[in-house]
Amino acid sequence: MPVDDLTKVFGNPRATETLGGRMGIVIHEASAQRLVGTMPVEGNMQPYGLLHGGASCVLAETLGSIGAAIHAGPDAITVGIEINATHHRSATSGLVTGVATPLHLGRTLATYEIAITDENGKRICTARLSCMIRRER
């Protein structure tokens with residue numbers, strides 16, 4: 001799937017006007033089995049000059065939600081219902097990369113693990129996202 005056309009996944013012409021877009025998230029690879037995206041640390045920091053933990057959660061939820069939507073198909077709506085994140089270390093500059101892989105892809109629930117690393121390949125965050133799949137369109 002072309003990564004630059006997420007409107008086909010979400011069925012909404014405004015799909016690119018998102019929080020993830022405003023935070024500088026770029027999707028590099030997108031399928032139900034693997035998603036890869038990057039986000040700049042600059043502009044997404046907390047007052048101590050470190051990547052904000054909430055920004056890591058936005059990256060994780062963005063990737064996992066896109067994966068769940070691809071898995072569910074165009075006749076469904078997916079919504080995040082639970083996210084947790086463990087922040088292992090800080091990032092202070094550059095880009096962070098998130099890689100989302102499915103833990104469970106069912107008819108009504110999709111769960112992804114998202115590993116976020118810094119530019120040196122060191123893991124800064126591990127997140128898990130569960131999305132409910134509704135087929136009411």
# chains A, B, ... in the order shown; residues from 1 in each chain; ligands from 1
>>> residues_around(residues="range 46-60 of chain A", least_positions_apart="5", cutoff="6 Å", atoms="only C-alpha atoms", output="list in words")
Val41, Ala91, Thr92 and Ile114 of chain A
>>> residues_around(residues="Glu136 in chain A", least_positions_apart="5", cutoff="9 Å", atoms="only C-alpha atoms", output="tab-separated table (two decimals) with C-alpha atoms, in the first residue's frame")
chain	number	residue	atom	x	y	z
A	75	ASP	CA	-15.87	-1.53	5.96
A	76	ALA	CA	-14.77	-1.03	9.58
A	77	ILE	CA	-13.89	1.67	12.07
>>> residues_around(residues="Arg135 in chain A", least_positions_apart="5", cutoff="12 Å", atoms="only C-alpha atoms", output="PDB file with N, CA, C and O atoms, in the first residue's frame")
ATOM      1  N   ALA A  69      -6.473  -0.470  11.351  1.00  0.00           N
ATOM      2  CA  ALA A  69      -7.384  -0.058  10.276  1.00  0.00           C
ATOM      3  C   ALA A  69      -7.103  -0.829   8.984  1.00  0.00           C
ATOM      4  O   ALA A  69      -8.036  -1.228   8.282  1.00  0.00           O
ATOM      5  N   ALA A  72      -8.462  -4.332   9.550  1.00  0.00           N
ATOM      6  CA  ALA A  72      -9.928  -4.383   9.588  1.00  0.00           C
ATOM      7  C   ALA A  72     -10.561  -4.202   8.214  1.00  0.00           C
ATOM      8  O   ALA A  72     -11.618  -4.760   7.946  1.00  0.00           O
ATOM      9  N   GLY A  73      -9.932  -3.428   7.359  1.00  0.00           N
ATOM     10  CA  GLY A  73     -10.468  -3.201   6.022  1.00  0.00           C
ATOM     11  C   GLY A  73     -11.378  -1.989   5.950  1.00  0.00           C
ATOM     12  O   GLY A  73     -11.705  -1.373   6.969  1.00  0.00           O
ATOM     13  N   PRO A  74     -11.802  -1.634   4.732  1.00  0.00           N
ATOM     14  CA  PRO A  74     -12.530  -0.380   4.518  1.00  0.00           C
ATOM     15  C   PRO A  74     -13.951  -0.356   5.073  1.00  0.00           C
ATOM     16  O   PRO A  74     -14.540   0.709   5.201  1.00  0.00           O
ATOM     17  N   ASP A  75     -14.497  -1.506   5.442  1.00  0.00           N
ATOM     18  CA  ASP A  75     -15.868  -1.532   5.957  1.00  0.00           C
ATOM     19  C   ASP A  75     -15.926  -1.401   7.475  1.00  0.00           C
ATOM     20  O   ASP A  75     -16.977  -1.591   8.082  1.00  0.00           O
ATOM     21  N   ALA A  76     -14.822  -1.067   8.119  1.00  0.00           N
ATOM     22  CA  ALA A  76     -14.770  -1.028   9.578  1.00  0.00           C
ATOM     23  C   ALA A  76     -14.202   0.289  10.083  1.00  0.00           C
ATOM     24  O   ALA A  76     -13.534   1.024   9.358  1.00  0.00           O
ATOM     25  N   ILE A  77     -14.465   0.542  11.344  1.00  0.00           N
ATOM     26  CA  ILE A  77     -13.889   1.673  12.069  1.00  0.00           C
ATOM     27  C   ILE A  77     -13.081   1.078  13.214  1.00  0.00           C
ATOM     28  O   ILE A  77     -13.540   0.156  13.885  1.00  0.00           O
ATOM     29  N   THR A  78     -11.878   1.603  13.440  1.00  0.00           N
ATOM     30  CA  THR A  78     -11.055   1.124  14.551  1.00  0.00           C
ATOM     31  C   THR A  78     -10.821   2.269  15.521  1.00  0.00           C
ATOM     32  O   THR A  78     -10.573   3.400  15.109  1.00  0.00           O
ATOM     33  N   VAL A  79     -10.900   1.954  16.805  1.00  0.00           N
ATOM     34  CA  VAL A  79     -10.652   2.961  17.841  1.00  0.00           C
ATOM     35  C   VAL A  79      -9.775   2.351  18.929  1.00  0.00           C
ATOM     36  O   VAL A  79      -9.976   1.204  19.330  1.00  0.00           O
ATOM     37  N   ARG A 107     -11.257 -10.471  14.762  1.00  0.00           N
ATOM     38  CA  ARG A 107     -12.391  -9.863  14.076  1.00  0.00           C
ATOM     39  C   ARG A 107     -12.852  -8.586  14.761  1.00  0.00           C
ATOM     40  O   ARG A 107     -13.280  -7.642  14.106  1.00  0.00           O
ATOM     41  N   THR A 108     -12.738  -8.529  16.098  1.00  0.00           N
ATOM     42  CA  THR A 108     -13.227  -7.359  16.835  1.00  0.00           C
ATOM     43  C   THR A 108     -12.142  -6.651  17.637  1.00  0.00           C
ATOM     44  O   THR A 108     -12.406  -5.620  18.243  1.00  0.00           O
ATOM     45  N   LEU A 109     -10.927  -7.195  17.662  1.00  0.00           N
ATOM     46  CA  LEU A 109      -9.845  -6.596  18.436  1.00  0.00           C
ATOM     47  C   LEU A 109      -8.517  -6.805  17.726  1.00  0.00           C
ATOM     48  O   LEU A 109      -8.242  -7.892  17.210  1.00  0.00           O
TER      49      LEU A 109
END
>>> atom_distance(atom1="CA of Ile27 in chain A", atom2="CA of Ser130 in chain A")
19.5 Å
>>> atom_distance(atom1="CA of Gly21 in chain A", atom2="CA of Glu113 in chain A")
21.1 Å
>>> atom_distance(atom1="CA of Ala100 in chain A", atom2="CA of Pro40 in chain A")
17.5 Å
>>> select_by_dssp(residues="chain A", states="strand (DSSP E or B)", output="number ranges by chain")
A: 26-30, 35-40, 45, 51, 77-87, 95-105, 109-117, 123-134
>>> residues_around(residues="Thr38 in chain A", least_positions_apart="5", cutoff="12 Å", atoms="only C-alpha atoms", output="JSON, numbers by chain")
{"A": [20, 21, 23, 24, 25, 26, 27, 28, 29, 55, 56, 58, 59, 60, 62, 63, 94, 95, 96, 97, 98, 99, 100, 115, 116, 117, 118, 119]}
>>> select_by_dssp(residues="range 54-104 of chain A", states="alpha helix (DSSP H)", output="PyMOL selection string")
chain A and resi 54-72
>>> write_last_selection(atoms="C-alpha atoms", output="PDB file, in the first residue's frame")
ATOM      1  CA  GLY A  54       3.116  11.486  25.725  1.00  0.00           C
ATOM      2  CA  ALA A  55       4.752  12.069  22.346  1.00  0.00           C
ATOM      3  CA  SER A  56       6.012   8.478  22.383  1.00  0.00           C
ATOM      4  CA  CYS A  57       2.440   7.377  23.105  1.00  0.00           C
ATOM      5  CA  VAL A  58       1.159   9.430  20.157  1.00  0.00           C
ATOM      6  CA  LEU A  59       3.702   7.749  17.860  1.00  0.00           C
ATOM      7  CA  ALA A  60       2.728   4.324  19.226  1.00  0.00           C
ATOM      8  CA  GLU A  61      -1.015   4.934  18.902  1.00  0.00           C
ATOM      9  CA  THR A  62      -0.625   6.365  15.417  1.00  0.00           C
ATOM     10  CA  LEU A  63       1.230   3.295  14.168  1.00  0.00           C
ATOM     11  CA  GLY A  64      -0.958   0.749  15.930  1.00  0.00           C
ATOM     12  CA  SER A  65      -4.178   2.453  14.848  1.00  0.00           C
ATOM     13  CA  ILE A  66      -3.115   2.504  11.211  1.00  0.00           C
ATOM     14  CA  GLY A  67      -2.194  -1.178  11.404  1.00  0.00           C
ATOM     15  CA  ALA A  68      -5.549  -2.043  12.963  1.00  0.00           C
ATOM     16  CA  ALA A  69      -7.384  -0.058  10.276  1.00  0.00           C
ATOM     17  CA  ILE A  70      -5.490  -1.823   7.486  1.00  0.00           C
ATOM     18  CA  HIS A  71      -6.232  -5.188   9.106  1.00  0.00           C
ATOM     19  CA  ALA A  72      -9.928  -4.383   9.588  1.00  0.00           C
TER      20      ALA A  72
END
>>> closest_residue(among="A:Lys122, A:Ser93, A:Arg128, A:Pro102", to="Glu42 in chain A", atoms="only C-alpha atoms")
A:Ser93
